[in-house]
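Have a look at the structure below, then the notes.
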Amino acid sequence: MTYEDRLLLQTRRQFFRDCGIGLGKIALASLLSEPLLARRHHAAKAEHVIYLCMAGGPSHLELFDYKPELVKYDGKPAPDAILQGKRFAFMDTFAKETPKLLGTRRKFQQHGQSGIWISDLLPHLSKIADDISIVHGVCTENFNHGPAKLFSMTGSVRPGRPSVGAWVTYGIGSESKDLPGFVVLQSGPRGPRGGALLWGSGFLPTAYQGIPFRSVGDPILDLSNPKGITAEDQRQTLDAIRDLNQMRLELTLDAEIATRVAAYEMAYRMQTSGPELIDFSKESPATLKMYGAEPGKSSYANNCLLARRLVERGVRFVQLWHTDWDHHDDITKPLEEICREVDQPTAALILDLKQRGLLDRTLVIWGGEFGRTPMGEVREKGKIGRNHHIDSYSLMVTGGGVKRGITLGASDELGFSPAGEKIEVHDIHATLLHLLGIDHLKLTYRFQGREFRLTDIAGRVLDKLLA
Amino acid sequence: MTRWLALFILGCEVWAQPSMYETKVQPILRANCLACHSEKNLNSGLSLETRESILQGGNRGAVVKLGAPEESLLIAAVRHTGSLKMPPGKKLSDEQIAALEEWIRQGLPMPASLQTRKRPGMDHWAFQYPKRVPLPSVRQVSWPKNAIDYFILERIEKANLKPSAEASRAVLLRRVSLDLIGLPPTPEELAEFLADTRPDAYERVVDRLLASPHYGERWGRHWLDVARYADTDGYTIDAPRDMWPYRDWVIQALNRDQPFDEFIIEQFAGDLLPNPSTGQLIATGFHRNTPSNYEGGIDFEQYRVEAVADRVNTTGSALMGLTLACARCHDHKYDPISQREYYQMFAFLNNVDEIDKEAERKDFNRPFLPVGSPEDLKRYAAWEVQLQLLENELNRYRESLPGEGALLDPGVLERQKNIDAHRRRMPPVSRALIMRELPQPRQTYIHLGGDFTRRGASVEPGTPAILPPLQGVKGRPTRLDFAKWLVDKRQPLTARVTVNRIWQKYFGRGIVDTENDFGLMGDKPSHPELLDYLALEFMDRGWSQKQIHRLIVTSATYRQSSQLRPDLKAADPENRLFARQNRLRLDAEVIRDSALLASGLLSRKLGGPSVFPPLPAGANAVTQVKREWKVSSGEDRYRRGLYTFFQRSAPHPALVLFDAPDATVTCTRRIRSNSPLQALTLLNDEAYFEFAEAFALRLLKVTGDDRARLKEGFLYAVSREPSPSETARLERLLAAQRDAQRGEKAAWTAVARVLLNLDEFMTRE
């Protein structure tokens with residue numbers, strides 16, 4: 001038992017007698033693996049989440065949602081009936097003339113025993129088709145990147161709500177004693193639109209916000225000692241801080257000081273565990289090769305490997321961003337390039353988790369904030385892209401508690417709207433919480449006069465997705 | 001006599017012939033309509049329960065035209081002649097419909113008890129005007145120093161408890177300095193105060209602090225939380241914009257103790273005052289702090305509507321203590337605020353000349369006010385004229401061209417190039433975002449389900465019926481009328497909400513714990529009479545915030561020790577009785593300012609554009625648009641925390657890790673968290689290490705031995721002398737750290753780092 005564990009235990013009895021639950025206590029909970037819920041609402045199927053956020057909106061029609069009818073009607077004006085009452089981004093472009101349907105140019109095939117349709121853009125994922133599931137007919141609320149991203153991460157298009165990772169760590173804490181419970185990774189040419197709000201804690205205490213880690217340099221801001229300060233210096237300084245704080249605690253009896261002492265000790269442990277986390281030297285060459293990871297580089301592949309290492313170390317929620325999937329101008333070359341970057345590491349992550357027995361405890365979700373229109377968009381002569389599309393898009397899911405090798409939901413013949421069951425972002429959130437042992441109706445936080453939930457006033461658990 | 005009269009009237013109603021309403025209409029309404037359309041369940045904003053509410057109609061507009069059933073929506077709905085068919089899933093019989101028609105034809109006769117609306121919550125405490133009551137009597141008569149203390153002590157004595165002793169003079173000086181100006185006292189100020197034996201020494205300190213220009217910085221920052229102040233425009237592009245003139249206006253307004261009613265009127269509608277001054281225009285930046293989106297492909301109207309809604313919500317949280325946002329999509333579930341009333345308030349704020357269409361994209365910051373030196377403003381005006389001329393010329397030329405293809409015409413390209421070059425030559429003025437009313441107000445509609453594309457009934461500007469009405473307004477009420485109404489002395493909420501928020505800063509919690517919700521679901525005040533007393537004093541003393549500060553900080557209640565007491569633990573674990581002070585962790589900015597003060601690096605410069613202190617490497621690498629962070633040089637490197645440039649998509653970690661708000665929506669209370677990342681910042685951040693080194697050098701200049709230096713260090717960091725055991729502990733550290741090679745500075749830097757990381761350093765005792 002470490003010093004601060006003892007201290008915490010010693011003060012806890014006194015603490016609950018004295019003050020009820022202080023905010024400092026709550027704040028520490030997420031980082032010291034103390035869940036706020038006394039116990040989960042039901043048995044958990046997953047302990048960790050890796051959310052692979054593909055910023056910009058990947059085209060479901062080029063990757064997972066095969067639409068032969070759309071190919072058949074390629075070049076024909078989109079039927080008025082489906083466009084009526086719909087609003088799109090860049091309305092001006094679409095308003096000039098009726099947009100034309102665009103059939104995919106990709107080759108689609110069914111893969112594995114399950115026969116999931118996957119295009120030739122994703123050869124690695126195709127090979128593990130039986131280890132993944134595809135959800136079609138997902139819809140969202142807003143056709144602009146910033147608000148749609150906020151919606152996919154916080155359940156609201158308006159800024160100010162907690163990110164799903166914040167909700168989770170607020171609800172059930174984290175297993176990691178040396179790392180934050182909610183970690184954010186990022187790769188690609190730029191950051192995602194919306195920035196810190198996408199992993200913010202909203203109205204929850206800031207201790208629940210996602211902490212951005214980098215795969216090169218200091219993984220966490222201010223993790224290294226200042227220049228010229230040795231590990232020995234740092235320890236001596238920390239010991240003196242602890243002793244003086246302890247004297248003050250005895251004098252004031254304020255348990256908040258005990259919390260601060262514990263926080264400083266955890267900071268010290270993070271200083272050791274952080275560099276170890278991003279040190280890939282103990283990974284086998286075969287593992288590095290499988291991901292396509294190159295130590296010391298900032299890349300999606302490295303971040304996928306980092307995500308596995310985080311989960312291995314007990315981190316609850318990893319939010320991994322990769323930009324940029326916004327293919328308005330050209331749905332061919334740039335899409336091929338980004339798929340080459342993303343396909344192999346994603347498949348490697350799933351395989352690696354499986355080999356290590358972590359996949360059964362880790363929920364993995366891959367997808368964007370929306371999909372892309374079945375109609376083509378011409379911005380430049382000779383090139384064709386697709387616009388933002390919110391009525392139907394696809395996600396890939398797998399891992400703890402999820403049925404593998406299935407296709408859930410479907411879009412209509414043109415890939416425009418859900419055919420039958422409509423799956424909403426709040427349903428994905430409800431299901432995610434359910435798998436972690438949380439009832440989305442019961443995980444609430446009181447703010448500005450009412451109880452708030454991640455799923456607002458909607459959300460249902462997608463039973464058919466559960467193993 | 002009146003009793004007899006009342007009985008008589010009552011008797012009439014009981015004994016009179018049952019009316020046609022009672023025999024025919026009411027049974028129909030009860031069986032088919034009232035479940036969804038009553039005073040309690042206002043679906044679609046409609047209540048069919050009282051005559052007044054029927055005549056007011058619902059979100060779709062009027063439902064009844066008196067005497068004309070054929071023109072009444074109610075009849076069309078029950079006849080199923082239009083798209084609206086009621087009741088859902090069934091149809092009334094012809095006989096029932098005929099009864100309703102007859103009732104409308106006769107002019108809706110209804111019994112006296114159903115003439116006027118019966119909004120639930122009308123008797124809620126917060127909607128009643130504050131009452132002045134005599135000071136309660138107390139046993140410990142020597143304790144109270146002013147009226148506040150009587151209200152507090154009475155409750156403490158009722159619980160058979162005693163108030164806490166006064167804090168030590170050193171603690172008191174540190175507390176009141178941190179609270180009023182956001183800076184700890186210097187060792188000199190401490191020595192002076194401890195030596196001052198005059199009976200009013202403390203009051204003199206309070207007056208000195210209230211007169212300090214730093215007061216406006218400290219309390220200005222509290223208001224900037226409410227104003228969701230930031231230096232960039234948020235959402236996706238998050239570009240810098242000139243909001244700092246507004247921030248400086250706030251600081252100055254507080255320093256000159258501008259009466260709070262004027263303070264609010266100028267921020268809401270300074271532009272509508274007669275001949276508004278530059279300051280009054282800049283003040284309207286308050287409601288221009290809303291984030292704005294202009295990423296490619298958006299519908300500008302959507303984000304304009306978002307901003308207006310945010311203005312309504314902010315007004316509710318910050319001034320009215322009402323969760324108005326709840327009524328954006330439907331009638332408020334708990335408070336007597338209908339969706340219609342929400343959009344009536346929306347209508348006041350809906351007429352600002354902001355852009356709402358793609359064609360105006362390049363004007364996205366409109367309206368703004370150029371701010372700068374008189375010479376620069378003159379040059380700017382000339383520059384603007386020239387720009388207009390160039391643009392006119394381009395348009396004329398374009399029109400002279402035949403057909404399409406004008407886009408690539410060399411003449412167009414050259415003219416465009418000239419315009420771009422001219423834009424780059426803009427004189428160095430700031431463009432402060434302000435409010436400016438459209439000549440023709442926008443029509444406001446109820447947005448069904450809160451969706452701006454689904455328009456319900458049109459509404460005119462108005463205030464909620466539960467509160468005193470607008471007075472003395474001729475014609476269509478304006479934003480200025482709304483502002484005046486908000487601070488009208490007949491209003492029961494604004495003064496209460498404001499003094500409660502002030503109280504909250506001093507004690508960590510308000511008299512009403514839910515500081516932004518005084519509605520039916522909010523907490524009840526722990527000391528209702530005290531809240532009313534403070535609200536009335538606030539208004540009676542000319543809305544002077546400084547006088548309220550003085551009243552609170554000179555009270556015995558405020559001056560109590562924050563020491564935890566065994567007897568209070570059991571009796572009042574949450575300290576609702578205020579029988580002691582609370583220990584409060586300092587705000588993000590104040591922690592920085594305290595470290596700057598201790599290190600001797602602090603710049604006391606007031607105002608100006610926001611500055612760029614060192615930022616941990618990579619801290620802003622996550623934004624969509626890469627923004628440069630060029631570290632400020634000279635004294636701007638050491639400015640107070642409130643001047644740090646606030647980038648919404650990547651705020652400075654030293655601010656947000658210590659719970660500074662993210663500036664997306666109004667913040668009326670900061671959370672106080674306690675996390676390892678805070679420890680990493682104070683231990684390792686480049687800025688804090690620099691402060692520690694400077695602090696060490698300052699201590700090395702102190703003449704005397706280690707003990708003298710340690711004493712000085714404690715005075716700077718925590719405003720007191722160290723105890724012998726504390727001294728001994730730091731001497732041990734010094735001994736361990738002393739190293740001939742690295743010199744004394746390294747050893748003392750270690751001491752300085754300890755001092756700047758103490759819990760006490762970042763706490764107001």
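Please note that chains go A, B, ... in the order of the structure tokens, that every chain numbers its residues from 1, and that ligands are numbered from 1 in the order shown.
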
Open item on the list: Which residues are close to Phe203 of chain A, i.e. within 8 Å by only C-alpha atoms, leaving aside same-chain residues fewer than 6 positions away? Reply as a ChimeraX atom specification.
Closed with: /A:160-162,447

TODO: Please provide as a ChimeraX atom specification all residues within 9 Å of Leu180 of chain B, with the sequence filter that same-chain residues fewer than 5 positions apart are discarded (counting only C-alpha atoms).
DONE: /B:175,206,209-210,214-216,218-219,549

Would you put the residues from that selection into a file with C-alpha atoms, as a PDB file, in the first residue's frame?
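Printed below is part_21.pdb as written:
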ATOM      1  CA  ARG B 175      -8.530  36.503   2.676  1.00  0.00           C
ATOM      2  CA  VAL B 206     -11.238  47.173   2.805  1.00  0.00           C
ATOM      3  CA  LEU B 209      -8.714  47.379  -1.714  1.00  0.00           C
ATOM      4  CA  LEU B 210     -12.051  48.555  -3.105  1.00  0.00           C
ATOM      5  CA  HIS B 214      -7.096  45.518  -9.338  1.00  0.00           C
ATOM      6  CA  TYR B 215     -10.578  45.280  -7.857  1.00  0.00           C
ATOM      7  CA  GLY B 216     -12.028  45.711 -11.351  1.00  0.00           C
ATOM      8  CA  ARG B 218     -10.840  40.485  -9.963  1.00  0.00           C
ATOM      9  CA  TRP B 219     -14.562  41.138 -10.040  1.00  0.00           C
ATOM     10  CA  HIS B 549     -18.901  44.049  -1.006  1.00  0.00           C
TER      11      HIS B 549
END

Task: Nearest to Ser114 of chain A, chosen from A:Lys127, A:His136, A:Arg235, A:Lys227, with only C-alpha atoms counted in the distances - done: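 Checking each candidate against Ser114 of chain A, we get A:Lys127 as the closest.
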
TODO: Enumerate as an NGL selection string the residues belonging to chain B that approach chain A to within 7 Å, with only C-alpha atoms taken into account.
DONE: :B and (235-236 or 297-298 or 323 or 516-517 or 521-522 or 563-564 or 569 or 573-574 or 616 or 621-624 or 649-650 or 657 or 659 or 664-665 or 671-677 or 679-681 or 684-686 or 689 or 726 or 729 or 733 or 750 or 754 or 757-759)

Open item on the list: Please report the interatomic distance between atom CA of Lys149 of chain A and atom CA of Pro367 of chain B in Å with one decimal.
Closed with: 29.0 Å

TODO: DSSP on the backbone, then: every residue of segment 234-429 of chain B marked strand (DSSP E), written as a list of chain:residue names.
DONE: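 Across segment 234-429 of chain B, those assigned strand (DSSP E) are B:Phe368, B:Leu369, B:Pro370, B:Val371.
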
Could you turn the residues from that selection into a file that holds N, CA and C atoms, as a PDB file, in the first residue's frame?
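Result written to out-v1.pdb:
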ATOM      1  N   PHE B 368     -19.535  45.656 -35.986  1.00  0.00           N
ATOM      2  CA  PHE B 368     -18.416  45.959 -35.097  1.00  0.00           C
ATOM      3  C   PHE B 368     -18.132  47.449 -35.077  1.00  0.00           C
ATOM      4  N   LEU B 369     -17.327  47.852 -34.096  1.00  0.00           N
ATOM      5  CA  LEU B 369     -16.977  49.264 -33.943  1.00  0.00           C
ATOM      6  C   LEU B 369     -15.459  49.375 -34.011  1.00  0.00           C
ATOM      7  N   PRO B 370     -14.932  50.180 -34.947  1.00  0.00           N
ATOM      8  CA  PRO B 370     -13.474  50.359 -34.958  1.00  0.00           C
ATOM      9  C   PRO B 370     -13.040  51.114 -33.698  1.00  0.00           C
ATOM     10  N   VAL B 371     -11.992  50.601 -33.056  1.00  0.00           N
ATOM     11  CA  VAL B 371     -11.485  51.222 -31.835  1.00  0.00           C
ATOM     12  C   VAL B 371     -10.001  51.452 -32.011  1.00  0.00           C
TER      13      VAL B 371
END

Open item on the list: Could you check the closest approach to Leu122 of chain A for each of A:Glu312, A:Glu276, A:Glu337, A:Asp427 and tell me which residue wins, using only C-alpha atoms?
Closed with: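 For Leu122 of chain A, the nearest of the given residues is A:Glu337.
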
- [ ] Mind listing the alpha helix (DSSP H) residues of segment 210-439 of chain A, per DSSP on the backbone, as a ChimeraX atom specification?
- [x] /A:231-252,255-278,285-291,300-312,333-355,425-435

Closest pair table for segment 328-443 of chain A residues within 9 Å of segment 305-310 of chain A, only C-alpha atoms, as a tab-separated table:
residue	atom	partner	partner_atom	distance
A:Pro345	CA	A:Leu305	CA	7.9
A:Ala348	CA	A:Leu305	CA	8.5
A:Leu349	CA	A:Leu305	CA	6.7
A:Asp352	CA	A:Arg308	CA	8.0
A:Leu353	CA	A:Arg308	CA	6.9
A:Leu358	CA	A:Arg308	CA	8.6

For the selection you just gave me, I'd like the residues written to a file as an mmCIF file, in the first residue's frame, keeping N, CA and C atoms.
data_model
loop_
_atom_site.group_PDB
_atom_site.id
_atom_site.type_symbol
_atom_site.label_atom_id
_atom_site.label_comp_id
_atom_site.auth_asym_id
_atom_site.auth_seq_id
_atom_site.Cartn_x
_atom_site.Cartn_y
_atom_site.Cartn_z
ATOM 1 N N PRO A 345 -3.701 -0.614 -39.682
ATOM 2 C CA PRO A 345 -3.615 -0.470 -38.216
ATOM 3 C C PRO A 345 -4.918 -0.816 -37.502
ATOM 4 N N ALA A 348 -5.118 -4.440 -37.393
ATOM 5 C CA ALA A 348 -4.077 -4.925 -36.486
ATOM 6 C C ALA A 348 -4.510 -4.745 -35.032
ATOM 7 N N LEU A 349 -5.101 -3.598 -34.731
ATOM 8 C CA LEU A 349 -5.548 -3.338 -33.358
ATOM 9 C C LEU A 349 -6.546 -4.403 -32.904
ATOM 10 N N ASP A 352 -4.735 -7.747 -32.551
ATOM 11 C CA ASP A 352 -3.823 -7.701 -31.420
ATOM 12 C C ASP A 352 -4.600 -7.824 -30.101
ATOM 13 N N LEU A 353 -5.697 -7.062 -30.015
ATOM 14 C CA LEU A 353 -6.543 -7.143 -28.813
ATOM 15 C C LEU A 353 -7.042 -8.578 -28.638
ATOM 16 N N LEU A 358 -7.842 -9.272 -24.955
ATOM 17 C CA LEU A 358 -8.413 -7.989 -24.532
ATOM 18 C C LEU A 358 -9.677 -7.626 -25.304
#

Open item on the list: Env of Val135 of chain A: 10 Å cut, atoms = only C-alpha atoms, seq-sep filter 6 positions within chain, self excluded. Answer as a PyMOL selection string.
Closed with: chain A and resi 64-65+393-397+406-411+423+428+465

TODO: Find the residues near Ile116 of chain A: any atom within 9 Å, counting only C-alpha atoms, skip ones fewer than 4 places away on the same chain, and give them as a list in words.
DONE: Phe64, Gln109, Gln110, His111, Gly112, Ser126, Ala129, Asp130, Ile132, Ser133, Ile134, Gly405, Ile406 and Thr407 of chain A

Next, dump the selected residues to file, keeping only C-alpha atoms, as a short mmCIF file (atom, residue, chain, number, x, y, z; two decimals), in the first residue's frame.
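Generated file (selection_29.cif):
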data_model
loop_
_atom_site.label_atom_id
_atom_site.label_comp_id
_atom_site.auth_asym_id
_atom_site.auth_seq_id
_atom_site.Cartn_x
_atom_site.Cartn_y
_atom_site.Cartn_z
CA PHE A 64 -19.28 -0.88 -46.25
CA GLN A 109 -17.20 -8.42 -52.11
CA GLN A 110 -18.66 -10.49 -49.34
CA HIS A 111 -16.07 -11.66 -46.83
CA GLY A 112 -15.61 -14.42 -44.28
CA SER A 126 -11.85 -7.73 -45.12
CA ALA A 129 -14.67 -9.80 -41.44
CA ASP A 130 -15.86 -12.42 -38.95
CA ILE A 132 -16.26 -7.26 -36.80
CA SER A 133 -19.83 -6.13 -37.27
CA ILE A 134 -21.27 -3.37 -39.40
CA GLY A 405 -19.74 -11.01 -37.99
CA ILE A 406 -23.19 -9.47 -38.31
CA THR A 407 -24.70 -6.62 -40.24
#

TODO: Find, counting only C-alpha atoms, the residue in A:Gly173, A:Leu70, A:Ala231, A:Asp80 that gets nearest to Thr272 of chain A.
DONE: A:Ala231

What are the closest atom pairs, with distances in Å to one decimal, for each residue of segment 485-569 of chain B lying within 12 Å of segment 109-130 of chain B, using only C-alpha atoms, rows by chain and rising residue number, as JSON lines?
{"residue": "B:Asp488", "atom": "CA", "partner": "B:Tyr129", "partner_atom": "CA", "distance": 11.8}
{"residue": "B:Lys489", "atom": "CA", "partner": "B:Tyr129", "partner_atom": "CA", "distance": 9.5}
{"residue": "B:Arg490", "atom": "CA", "partner": "B:Tyr129", "partner_atom": "CA", "distance": 7.2}
{"residue": "B:Gln491", "atom": "CA", "partner": "B:Tyr129", "partner_atom": "CA", "distance": 7.2}
{"residue": "B:Pro492", "atom": "CA", "partner": "B:Tyr129", "partner_atom": "CA", "distance": 4.8}
{"residue": "B:Leu493", "atom": "CA", "partner": "B:Ala126", "partner_atom": "CA", "distance": 6.6}
{"residue": "B:Thr494", "atom": "CA", "partner": "B:Ala126", "partner_atom": "CA", "distance": 10.3}
{"residue": "B:Ala495", "atom": "CA", "partner": "B:Pro130", "partner_atom": "CA", "distance": 9.3}
{"residue": "B:Arg496", "atom": "CA", "partner": "B:Pro130", "partner_atom": "CA", "distance": 8.2}
{"residue": "B:Val497", "atom": "CA", "partner": "B:Ala126", "partner_atom": "CA", "distance": 9.6}
{"residue": "B:Val512", "atom": "CA", "partner": "B:Ala126", "partner_atom": "CA", "distance": 10.5}
{"residue": "B:Asp517", "atom": "CA", "partner": "B:Ala126", "partner_atom": "CA", "distance": 10.0}
{"residue": "B:Phe518", "atom": "CA", "partner": "B:Ala126", "partner_atom": "CA", "distance": 6.2}
{"residue": "B:Gly519", "atom": "CA", "partner": "B:Ala126", "partner_atom": "CA", "distance": 7.0}
{"residue": "B:Leu520", "atom": "CA", "partner": "B:His124", "partner_atom": "CA", "distance": 6.9}
{"residue": "B:Met521", "atom": "CA", "partner": "B:His124", "partner_atom": "CA", "distance": 10.5}
{"residue": "B:Gly522", "atom": "CA", "partner": "B:Ala126", "partner_atom": "CA", "distance": 10.1}
{"residue": "B:Asp523", "atom": "CA", "partner": "B:Ala126", "partner_atom": "CA", "distance": 10.8}
{"residue": "B:Lys524", "atom": "CA", "partner": "B:Trp125", "partner_atom": "CA", "distance": 8.5}
{"residue": "B:Pro525", "atom": "CA", "partner": "B:Trp125", "partner_atom": "CA", "distance": 9.4}
{"residue": "B:Pro528", "atom": "CA", "partner": "B:Pro130", "partner_atom": "CA", "distance": 9.0}
{"residue": "B:Glu529", "atom": "CA", "partner": "B:Pro130", "partner_atom": "CA", "distance": 8.3}
{"residue": "B:Leu530", "atom": "CA", "partner": "B:Pro130", "partner_atom": "CA", "distance": 10.0}
{"residue": "B:Leu531", "atom": "CA", "partner": "B:Pro130", "partner_atom": "CA", "distance": 8.3}
{"residue": "B:Asp532", "atom": "CA", "partner": "B:Pro130", "partner_atom": "CA", "distance": 4.9}
{"residue": "B:Tyr533", "atom": "CA", "partner": "B:Pro130", "partner_atom": "CA", "distance": 7.6}
{"residue": "B:Leu534", "atom": "CA", "partner": "B:Pro130", "partner_atom": "CA", "distance": 9.5}
{"residue": "B:Ala535", "atom": "CA", "partner": "B:Pro130", "partner_atom": "CA", "distance": 7.3}
{"residue": "B:Leu536", "atom": "CA", "partner": "B:Pro130", "partner_atom": "CA", "distance": 7.0}
{"residue": "B:Glu537", "atom": "CA", "partner": "B:Pro130", "partner_atom": "CA", "distance": 10.6}
{"residue": "B:Phe538", "atom": "CA", "partner": "B:Pro130", "partner_atom": "CA", "distance": 11.6}
{"residue": "B:Met539", "atom": "CA", "partner": "B:Pro130", "partner_atom": "CA", "distance": 11.0}

Task: Atom-to-atom span, atom CA of Pro87 of chain B and atom CA of Asn32 of chain B, Å - done: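 Atom CA of Pro87 of chain B sits 6.4 Å away from atom CA of Asn32 of chain B.
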
Open item on the list: One decimal, in Å: what's the spacing between atom CA of Gly270 of chain B and atom CA of Ile434 of chain B?
Closed with: 9.3 Å

Task: Test item: residues at most 10 Å from Ala458 of chain A, only C-alpha atoms, excluding those fewer than 4 positions along its chain, as a list in words - done: Gly155, Glu424, Val425, His426, Asp427, Ala430, His440, Leu441, Arg453 and Leu454 of chain A
